[in-house]
Number of protein chains: 6
Amino acid sequence: MKNMSMQKIAIFPGSFDPFTVGHQDIVLRALSLFDKVIIAIGSNSDKKGFFEIDKRKQWIENTFIDEPKVEVDVYSGLTIEYCKNKNAKYLLRGLRTSSDFEYERAIAQMNKKMDASVESVFLLTSPELTAVSSTIVRDIIRHGGDAKDFLPEAIYNQIL
Amino acid sequence: MKNMSMQKIAIFPGSFDPFTVGHQDIVLRALSLFDKVIIAIGSNSDKKGFFEIDKRKQWIENTFIDEPKVEVDVYSGLTIEYCKNKNAKYLLRGLRTSSDFEYERAIAQMNKKMDASVESVFLLTSPELTAVSSTIVRDIIRHGGDAKDFLPEAIYNQIL
Amino acid sequence: MKNMSMQKIAIFPGSFDPFTVGHQDIVLRALSLFDKVIIAIGSNSDKKGFFEIDKRKQWIENTFIDEPKVEVDVYSGLTIEYCKNKNAKYLLRGLRTSSDFEYERAIAQMNKKMDASVESVFLLTSPELTAVSSTIVRDIIRHGGDAKDFLPEAIYNQIL
Amino acid sequence: MKNMSMQKIAIFPGSFDPFTVGHQDIVLRALSLFDKVIIAIGSNSDKKGFFEIDKRKQWIENTFIDEPKVEVDVYSGLTIEYCKNKNAKYLLRGLRTSSDFEYERAIAQMNKKMDASVESVFLLTSPELTAVSSTIVRDIIRHGGDAKDFLPEAIYNQIL
Amino acid sequence: MKNMSMQKIAIFPGSFDPFTVGHQDIVLRALSLFDKVIIAIGSNSDKKGFFEIDKRKQWIENTFIDEPKVEVDVYSGLTIEYCKNKNAKYLLRGLRTSSDFEYERAIAQMNKKMDASVESVFLLTSPELTAVSSTIVRDIIRHGGDAKDFLPEAIYNQIL
Amino acid sequence: MKNMSMQKIAIFPGSFDPFTVGHQDIVLRALSLFDKVIIAIGSNSDKKGFFEIDKRKQWIENTFIDEPKVEVDVYSGLTIEYCKNKNAKYLLRGLRTSSDFEYERAIAQMNKKMDASVESVFLLTSPELTAVSSTIVRDIIRHGGDAKDFLPEAIYNQIL
């Protein structure tokens with residue numbers, strides 16, 4: 001059995017408002033690389049989200065109910081501090097477009113400077129999911145459109 | 001005479017707050033390609049614009065008063081639904097920069113997934129108009145600058 | 001019947017070395033917009049391609065054997081001159097990535113300056129085909145890989 | 001002695017909320033190029049910043065207390081008008097990423113159109129400072145993180 | 001002891017002509033994530049490199065002489081086939097700029113389509129090494145400049 | 001009179017094959033910023049250009065025959081070494097697109113690392129000249145097209 005402190009733990013941070021098939025794709029593809037992936041919903045006291053944090057958390061838990069390596073959590077404060085608390089040495093991020101990339105690079109480099117022991121690891125979103133973003137999905141739901149193709153089944157069924 | 005259902009109708013959606021010479025350029029260049037171009041002002045109940053929607057609509061109508069192929073309309077809800085209602089098979093978009101492009105691609109691909117029969121068609125903004133955006137024009141007007149070069153004549157005269 | 005001079009003719013220029021499913025996708029989606037789409041293979045005396053021009057032409061013809069609106073041709077010289085000769089008022093281009101976009105914009109703006117009457121029209125490559133490029137496909141074939149997913153059926157069968 | 005009207009004066013505009021080591025780097029590197037660099041804090045009546053404008057101004061003044069060529073000022077209204085008032089023929093801007101570039105280009109071209117006599121001059125942020133942005137620094141401070149590496153010493157000491 | 005077939009093996013492919021401090025940085029940071037990293041020099045019969053392949057290989061071996069998890073190899077043919085032969089489930093890539101990203105994404109998506117079991121994993125080059133590329137380093141060496149800052153020590157000493 | 005060693009000398013390096021209206025625009029706009037601008041044609045023994053270096057030099061000299069602050073020169077070797085020889089503390093570069101930017105940033109950062117005393121200064125190409133590149137101009141000339149709009153008058157008249 002592996003020693004706990006040797007475990008490869010990755011944090012997958014985001015607002016997940018809501019968690020999409022794009023996010024799901026990244027988590028599933030990262031599972032072979034890590035011993036544990038913690039999906040960490042950032043809670044920002046200033047900015048209320050579209051869906052309540054408790055619901056977001058429950059929906060993601062339902063989506064990964066059969067994946068023992070996935071944990072879902074809510075955090076506030078700096079992501080890099082949260083990594084330390086969780087003994088996580090990896091930050092998992094999905095890359096979709098080159099604008100994404102520029103933004104992610106800035107965040108990753110600042111994090112690296114604050115704690116050089118945490119490494120950002122990037123996977124690519126599958127091509128057919130590249131366009132899916134929480135912002136556009138919220139827009140579809142707000143206007144009564146059908147977001148079936150863009151949400152994990154467990155989430156789509158509960159959002160209604 | 002062409003059958004109505006065979007007409008090539010394009011929707012040119014936007015907030016047009018205000019409609020600029022860049023928008024005008026795209027519409028004029030698209031006219032030969034379509035039988036009708038509907039300039040569709042998206043109305044968002046949450047977000048009040050800088051100029052009132054009624055004014056924006058009237059200004060655009062004045063700009064194209066001599067163009068029988070141009071219609072101006074206000075809509076709310078999903079753009080893709082609006083296309084269906086109008087029997088429009090094309091979404092017309094102007095491309096200025098590569099950031100524009102990334103954003104437009106995401107929107108176009110989501111639309112395509114929701115209704116594969118609607119095709120997004122892109123024209124390039126003329127080089128000398130590339131920098132003109134509604135955001136910057138609003139900023140100029142707000143600070144009392146002269147936006148003459150950036151607005152269609154019919155709009156510039158009425159904004160004062 | 002439409003007057004010949006009123007026909008909407010689009011040129012789809014490229015080296016098509018080889019023509020991929022990405023190119024096919026753009027042509028098929030452009031068909032409703034134009035009366036004729038001429039796939040024009042640019043012949044460059046300086047640079048010999050990977051596949052012979054005659055083969056490239058024949059393969060594309062086979063691909064669109066049932067599409068009366070599609071023509072395949074070989075040309076040399078400036079694309080904009082070729083448009084004039086063919087009485088084509090539109091240049092059709094597919095956009096895949098934002099690097100594509102920057103390059104295409106430069107070409108389109110230079111063309112526009114040389115002949116303002118020719119308009120460049122852009123369609124988006126389908127998400128799942130975004131990564132397919134002739135360069136990568138050539139690389140796969142050169143190394144004996146299987147390019148089945150990246151070539152139109154009529155071409156894949158003949159390349160072997 | 002140089003005639004006043006011949007002086008090369010550059011405006012370095014921004015919200016500087018707060019002024020970072022990235023901004024400091026640009027100003028220091030620009031000093032040899034100009035006779036005077038005015039760091040101009042844009043005051044926007046609509047949008048309250050994170051730090052008070054007076055504090056921002058005082059912090060920057062402390063940072064450049066030994067640089068006679070640097071002035072710090074607060075302005076409202078259009079940047080291009082402010083340049084005229086200050087008899088400044090140059091707008092100094094730092095470039096970090098290609099997204100920065102697209103945005104800066106739009107602003108610079110609009111400014112150029114409104115006053116062709118003002119030239120935008122760009123310097124590159126040093127590689128190790130590329131990721132530093134006021135937005136991320138505010139985020140660190142808000143969450144109680146240590147922003148020491150990202151702020152000029154004179155500012156870091158006073159923010160606490 | 002881990003079962004061989006369970007080992008996490010990553011291929012780090014490239015021409016490494018020459019291997020730079022940027023490449024070294026990526027390999028070192030990837031070591032904790034994988035059980036083995038194979039630095040695989042692509043040999044292209046058509047295109048002779050600047051440095052001989054044997055030298056490139058030996059230099060990289062010297063650089064990682066104390067790292068038992070690093071292997072250096074030369075391969076020809078498709079990278080994805082090479083992964084299969086080596087039983088490697090991961091392709092390791094460094095990301096420097098957003099142009100890099102677009103190119104890497106195309107390659108990764110084509111690879112994924114040819115063998116869905118191989119996952120591309122991206123790490124970011126450290127900010128101060130972002131500008132270092134083999135092309136520019138070759139240019140410096142060709143013109144007799146000093147490339148000390150851009151090459152691993154073991155390579156710099158031997159190139160002379 | 002200014003001391004020679006205090007002079008602000010900028011090098012504007014390139015292959016200028018040929019020098020376009022875009023290059024001319026950058027030089028003219030840089031003149032007020034520097035005491036001397038040296039247009040430096042890089043001579044690469046490996047790669048023969050389209051036009052002979054002597055002609056390129058003479059054409060540029062003719063273009064700036066009335067500008068005493070402009071010098072034209074040919075150099076080989078590293079640009080940064082050439083700057084030292086000329087006692088130039090500035091490298092002048094034009095920025096057209098965001099791809100330009102990424103490339104220019106890499107070059108500038110490598111130069112900075114090799115000689116921190118040389119500063120890269122960027123000006124923006126005018127919007128209507130953004131698309132003009134030597135590559136496209138060569139292509140037009142090679143195919144017998146009319147490049148009048150893209151070349152300085154003194155060059156256009158002599159190329160024929």
# chains A, B, ... in the order shown; residues from 1 in each chain; ligands from 1
>>> residues_around(residues="segment 140-144 of chain A", least_positions_apart="3", cutoff="8 Å", atoms="only C-alpha atoms", output="list of chain:residue names")
A:Ile136, A:Val137, A:Ala147, B:Gly77, B:Leu78
>>> write_last_selection(atoms="C-alpha atoms", output="PDB file, in the first residue's frame")
ATOM      1  CA  ILE A 136     -22.807  29.711 -22.596  1.00  0.00           C
ATOM      2  CA  VAL A 137     -24.580  26.833 -20.821  1.00  0.00           C
ATOM      3  CA  ALA A 147     -28.637  22.106 -22.579  1.00  0.00           C
TER       4      ALA A 147
ATOM      5  CA  GLY B  77     -34.099  34.680 -25.724  1.00  0.00           C
ATOM      6  CA  LEU B  78     -31.710  32.392 -27.577  1.00  0.00           C
TER       7      LEU B  78
END
>>> select_by_dssp(residues="chain D", states="strand (DSSP E or B)", output="PyMOL selection string")
chain D and resi 9-14+36-42+70-75+90-95+119-124
>>> write_last_selection(atoms="C-alpha atoms", output="short mmCIF file (atom, residue, chain, number, x, y, z; two decimals), in the first residue's frame")
data_model
loop_
_atom_site.label_atom_id
_atom_site.label_comp_id
_atom_site.auth_asym_id
_atom_site.auth_seq_id
_atom_site.Cartn_x
_atom_site.Cartn_y
_atom_site.Cartn_z
CA ILE D 9 6.83 63.67 -22.60
CA ALA D 10 5.16 60.26 -22.28
CA ILE D 11 1.94 59.45 -20.49
CA PHE D 12 1.75 56.03 -18.83
CA PRO D 13 -1.99 55.65 -18.17
CA GLY D 14 -3.70 52.96 -16.09
CA LYS D 36 9.48 62.97 -18.60
CA VAL D 37 7.14 60.06 -17.86
CA ILE D 38 3.80 60.95 -16.28
CA ILE D 39 2.15 58.01 -14.53
CA ALA D 40 -1.51 58.94 -14.95
CA ILE D 41 -4.09 57.22 -12.76
CA GLY D 42 -7.43 57.15 -14.56
CA VAL D 70 8.75 60.68 -13.14
CA GLU D 71 5.53 62.52 -12.27
CA VAL D 72 2.36 60.98 -10.85
CA ASP D 73 -1.05 62.43 -11.62
CA VAL D 74 -4.77 61.61 -11.53
CA TYR D 75 -7.00 62.32 -14.51
CA TYR D 90 3.74 59.72 -26.54
CA LEU D 91 1.57 57.13 -24.85
CA LEU D 92 3.68 54.50 -23.08
CA ARG D 93 2.26 50.99 -22.74
CA GLY D 94 3.61 47.68 -21.52
CA LEU D 95 2.87 44.51 -23.45
CA GLU D 119 2.20 58.04 -30.87
CA SER D 120 1.77 54.84 -28.80
CA VAL D 121 5.09 53.30 -27.79
CA PHE D 122 5.25 49.76 -26.44
CA LEU D 123 7.85 48.09 -24.26
CA LEU D 124 7.82 44.44 -23.25
#
>>> select_by_dssp(residues="chain C", states="helix (DSSP H, G or I)", output="VMD selection string")
chain C and resid 4 to 6 21 to 30 53 to 63 79 to 86 98 to 114 127 to 129 134 to 142 148 to 150 153 to 159
>>> interface_residues(of="chain B", to="chain C", cutoff="10 Å", atoms="only C-alpha atoms", output="MDAnalysis selection string")
chainID B and resid 8 29:30 32:34 89:90 93:102 104:106 108:109 112 117 119:127
>>> residues_around(residues="Gly22 of chain A", least_positions_apart="3", cutoff="7 Å", atoms="only C-alpha atoms", output="list in words")
Asp25, Ile26, Thr125, Leu129 and Val132 of chain A
>>> write_last_selection(atoms="C-alpha atoms", output="CSV table (one decimal), in the first residue's frame")
chain,number,residue,atom,x,y,z
A,25,ASP,CA,-14.1,15.0,-19.8
A,26,ILE,CA,-11.0,16.5,-18.1
A,125,THR,CA,-10.6,19.3,-23.8
A,129,LEU,CA,-16.4,19.8,-26.4
A,132,VAL,CA,-18.8,24.2,-24.2
>>> residues_around(residues="segment 151-156 of chain A", least_positions_apart="2", cutoff="8 Å", atoms="only C-alpha atoms", output="list in words")
Phe19, Thr20, Val21, Gln24, Trp59, Ile60, Asn62, Thr63, Ala147, Lys148, Asp149, Gln158, Ile159 and Leu160 of chain A
>>> write_last_selection(atoms="C-alpha atoms", output="CSV table (one decimal), in the first residue's frame")
chain,number,residue,atom,x,y,z
A,19,PHE,CA,-20.1,21.6,-14.2
A,20,THR,CA,-20.2,20.7,-17.9
A,21,VAL,CA,-19.4,17.7,-20.1
A,24,GLN,CA,-16.3,15.9,-16.8
A,59,TRP,CA,-24.6,17.5,-8.8
A,60,ILE,CA,-20.9,16.8,-9.2
A,62,ASN,CA,-23.8,12.4,-8.3
A,63,THR,CA,-21.8,12.5,-11.5
A,147,ALA,CA,-28.6,22.1,-22.6
A,148,LYS,CA,-28.8,18.3,-22.8
A,149,ASP,CA,-25.7,17.9,-24.9
A,158,GLN,CA,-31.5,17.3,-11.7
A,159,ILE,CA,-31.3,20.9,-13.1
A,160,LEU,CA,-34.8,20.6,-14.5
>>> atom_distance(atom1="atom CA of Ile80 of chain D", atom2="atom CA of Val118 of chain D")
7.8 Å
>>> atom_distance(atom1="atom CA of Ile107 of chain F", atom2="atom CA of Thr135 of chain E")
10.6 Å
